[in-house]
Amino acid sequence: QVQAPAWPKVLLLVRHGESEYNVHYERHATDPMDFFDAPLTATGEAQARAASEALRPGVTAGVERIEAALTSPLTRAARTCLLALPPKGSCAAARYEVLPMMAEHLEASCDIGRPPAELRRDFPELDFDKVPEVWWYVPEECRQGISPAESRRLFAEEGRREPKSAFRARVDAFARHVAGRGERVVAAFAHADFFHELLARHFGQREPQYRDYWMKNCEVLRLVVACAE
C-alpha cells in the first residue's frame with residue numbers, strides 16, 4: 001500500500017565513517033585508480049558505532065523510531081548504516097532500503113561500486129534485488145551491455161567521470177524521492193559530495209550555512225523539513 005507523503009519530516013543525514021581511501025588520499029593526495037569501493041577503516045567502523053548514540057530515539061527526532069534508513073550501495077555507506085543502526089538492535093529502523101541514486105559523485109576509483117551479488121555476501125541484512133549489475137555512473141552511450149570490468153576500464157583508461165549535470169540530477173531525484181515518501185523520520189547514509197550538493201541546492205537558499213557545508217566522517221546532521229518545495 002502506497003503511503004501519502006508525510007509532513008513535516010525529520011531528515012537525518014549521516015556521512016560514512018573514515019574509509020581506507022580517505023586515509024590513502026590524505027597521505028598521498030593521489031588516486032591509485034584501482035581503489036574500487038573502498039571499505040571503512042577500523043577507525044571508521046568505531047565512528048559508525050558511536051554515531052548510533054546520535055540516532056537513538058528521543059535524541060534526534062523526539063519520536064520512538066527512525067521509520068526508514070536509506071543508504072548508498074557503496075560499501076563505506078552501507079557498513080556505516082548497519083553499524084550505526086543495527087537491524088537487530090534496540091535502535092533499529094523500521095525499514096532499510098538501498099538506493100543507487102545516493103552513490104557518491106563518481107570522480108575517484110573508490111566511487112566505483114561492486115555488483116549486487118558481491119554486496120549481498122557482505123551485507124545479507126540488506127535487499128539488493130532491485131539494484132542493477134552496474135548501478136554506478138556509466139556514460140549514456142556505454143550503458144548497453146556494460147560490465148563492472150568495462151566500467152572500471154572506462155574510468156581508469158579513458159578517464160570517464162560523472163558530469164556535474166548528471167550528479168545534480170541524481171541529487172535532485174533523491175530530494176524528490178524523500179519528499180514523496182510516507183515516513184516522517186528518515187535517516188540517509190551517504191557521502192561528502194552528495195550531501196554537500198543536497199544541502200547547497202535544497203537548503204542553502206534559506207539557511208546560508210548550508211551553501212558550502214562539508215560533513216565530517218560520521219557526522220549526523222538533523223534537518224526539519226516543513227513541506228515539499
# chains A, B, ... in the order shown; residues from 1 in each chain; ligands from 1

$ residues_around --residues "region 91-100 of chain A" --least-positions-apart "6" --cutoff "8 Å" --atoms "only C-alpha atoms" --output "list in words"
Ser52, Leu55, Arg56, Pro57, Arg65, Ile66, Glu67, Ala68, Ala69, Leu70, Thr71, Ser72, Pro73, Leu85, Leu126, Asp127, Phe128, Val131, Trp135 and Trp136 of chain A

$ residues_around --residues "Pro163 (chain A)" --least-positions-apart "5" --cutoff "10 Å" --atoms "only C-alpha atoms" --output "list in words"
His105, Leu106, Glu107, Tyr137, Pro139 and Arg168 of chain A

$ residues_around --residues "region 38-48 of chain A" --least-positions-apart "4" --cutoff "8 Å" --atoms "only C-alpha atoms" --output "list in words"
His16, Gly17, Glu18, Ser19, Glu20, Tyr21, Ser52, Thr75, Arg76, Arg79, Thr80, Cys81, Leu83, Ala84, Cys110, Asp111, Asn217 and Cys218 of chain A

$ write_last_selection --atoms "N, CA, C and O atoms" --output "short mmCIF file (atom, residue, chain, number, x, y, z; two decimals), in the first residue's frame"
data_model
loop_
_atom_site.label_atom_id
_atom_site.label_comp_id
_atom_site.auth_asym_id
_atom_site.auth_seq_id
_atom_site.Cartn_x
_atom_site.Cartn_y
_atom_site.Cartn_z
N HIS A 16 29.35 8.67 5.84
CA HIS A 16 30.03 7.42 6.21
C HIS A 16 31.25 7.69 7.09
O HIS A 16 31.80 8.79 7.13
N GLY A 17 31.70 6.64 7.77
CA GLY A 17 32.91 6.72 8.58
C GLY A 17 34.16 6.79 7.71
O GLY A 17 34.11 6.67 6.49
N GLU A 18 35.30 6.97 8.38
CA GLU A 18 36.57 7.06 7.66
C GLU A 18 36.78 5.81 6.82
O GLU A 18 36.67 4.68 7.30
N SER A 19 37.12 6.01 5.54
CA SER A 19 37.37 4.88 4.64
C SER A 19 38.87 4.73 4.39
O SER A 19 39.66 5.65 4.63
N GLU A 20 39.22 3.57 3.85
CA GLU A 20 40.63 3.36 3.50
C GLU A 20 41.09 4.32 2.41
O GLU A 20 42.25 4.72 2.39
N TYR A 21 40.17 4.70 1.54
CA TYR A 21 40.53 5.70 0.52
C TYR A 21 40.78 7.05 1.16
O TYR A 21 41.72 7.77 0.76
N SER A 52 25.57 5.78 16.55
CA SER A 52 24.27 5.24 16.96
C SER A 52 23.68 6.02 18.12
O SER A 52 22.45 6.12 18.24
N THR A 75 30.13 0.44 -0.24
CA THR A 75 30.41 -0.30 0.98
C THR A 75 30.59 0.59 2.19
O THR A 75 30.09 0.28 3.28
N ARG A 76 31.29 1.69 2.06
CA ARG A 76 31.55 2.56 3.21
C ARG A 76 30.26 3.13 3.80
O ARG A 76 30.16 3.33 5.01
N ARG A 79 28.02 -0.11 5.25
CA ARG A 79 28.56 -0.59 6.52
C ARG A 79 28.28 0.40 7.64
O ARG A 79 27.92 0.02 8.77
N THR A 80 28.41 1.69 7.35
CA THR A 80 28.11 2.71 8.35
C THR A 80 26.66 2.60 8.80
O THR A 80 26.34 2.66 9.99
N CYS A 81 25.76 2.42 7.84
CA CYS A 81 24.34 2.28 8.14
C CYS A 81 24.09 1.13 9.11
O CYS A 81 23.39 1.28 10.13
N LEU A 83 26.17 -0.47 11.09
CA LEU A 83 26.83 -0.34 12.40
C LEU A 83 26.15 0.72 13.26
O LEU A 83 26.06 0.58 14.48
N ALA A 84 25.67 1.78 12.63
CA ALA A 84 25.02 2.86 13.38
C ALA A 84 23.58 2.50 13.76
O ALA A 84 23.10 2.91 14.82
N CYS A 110 37.36 4.99 -5.75
CA CYS A 110 36.59 4.46 -4.63
C CYS A 110 35.09 4.61 -4.84
O CYS A 110 34.29 3.99 -4.13
N ASP A 111 34.69 5.43 -5.82
CA ASP A 111 33.27 5.67 -6.09
C ASP A 111 32.68 4.68 -7.08
O ASP A 111 31.49 4.73 -7.39
N ASN A 217 33.37 12.86 8.68
CA ASN A 217 33.09 11.43 8.76
C ASN A 217 32.17 11.13 9.94
O ASN A 217 32.46 11.52 11.08
N CYS A 218 31.08 10.47 9.65
CA CYS A 218 30.08 10.04 10.63
C CYS A 218 29.40 11.19 11.37
O CYS A 218 28.79 10.98 12.41
#

$ atom_distance --atom1 "CA of Pro148 (chain A)" --atom2 "CA of Val134 (chain A)"
6.0 Å

$ atom_distance --atom1 "CA of Asp129 (chain A)" --atom2 "CA of Ser109 (chain A)"
24.4 Å

$ residues_around --residues "Ala175 (chain A)" --least-positions-apart "3" --cutoff "8 Å" --atoms "only C-alpha atoms" --output "list of chain:residue names"
A:Val171, A:Asp172, A:Val178, A:Ala179, A:Leu198, A:His202

$ write_last_selection --atoms "N, CA, C and O atoms" --output "compact mmCIF listing (two decimals), in the first residue's frame"
# COMPACT_ATOMS: atom_id res chain seq x y z
N VAL A 171 21.01 14.02 -7.33
CA VAL A 171 20.74 14.65 -6.04
C VAL A 171 19.31 15.18 -5.99
O VAL A 171 18.58 14.99 -5.01
N ASP A 172 18.87 15.83 -7.05
CA ASP A 172 17.51 16.35 -7.10
C ASP A 172 16.49 15.22 -7.10
O ASP A 172 15.41 15.34 -6.50
N VAL A 178 12.59 11.50 -1.35
CA VAL A 178 12.33 11.64 0.09
C VAL A 178 11.05 12.42 0.33
O VAL A 178 10.25 12.07 1.20
N ALA A 179 10.84 13.47 -0.45
CA ALA A 179 9.63 14.29 -0.29
C ALA A 179 8.37 13.46 -0.52
O ALA A 179 7.34 13.68 0.13
N LEU A 198 23.37 18.30 -1.98
CA LEU A 198 21.99 18.29 -1.48
C LEU A 198 21.72 19.51 -0.60
O LEU A 198 20.69 20.20 -0.76
N HIS A 202 19.16 22.42 -1.89
CA HIS A 202 17.82 22.32 -1.33
C HIS A 202 17.64 22.95 0.05
O HIS A 202 16.50 23.06 0.53

$ select_by_dssp --residues "region 42-219 of chain A" --states "alpha helix (DSSP H)" --output "VMD selection string"
chain A and resid 42 to 51 75 to 84 116 to 122 148 to 158 164 to 179 192 to 202

$ atom_distance --atom1 "CA of Pro86 (chain A)" --atom2 "CA of Ala54 (chain A)"
13.7 Å

$ closest_residue --among "A:Pro124, A:Ala156, A:Ala6, A:Leu119" --to "Pro32 (chain A)" --atoms "only C-alpha atoms"
A:Ala156

$ closest_residue --among "A:His28, A:Arg49, A:Arg152, A:Lys130" --to "Gly113 (chain A)" --atoms "only C-alpha atoms"
A:Arg152

$ select_by_dssp --residues "region 49-229 of chain A" --states "strand (DSSP E)" --output "PyMOL selection string"
chain A and resi 68-71+96-98+185-190+220-225
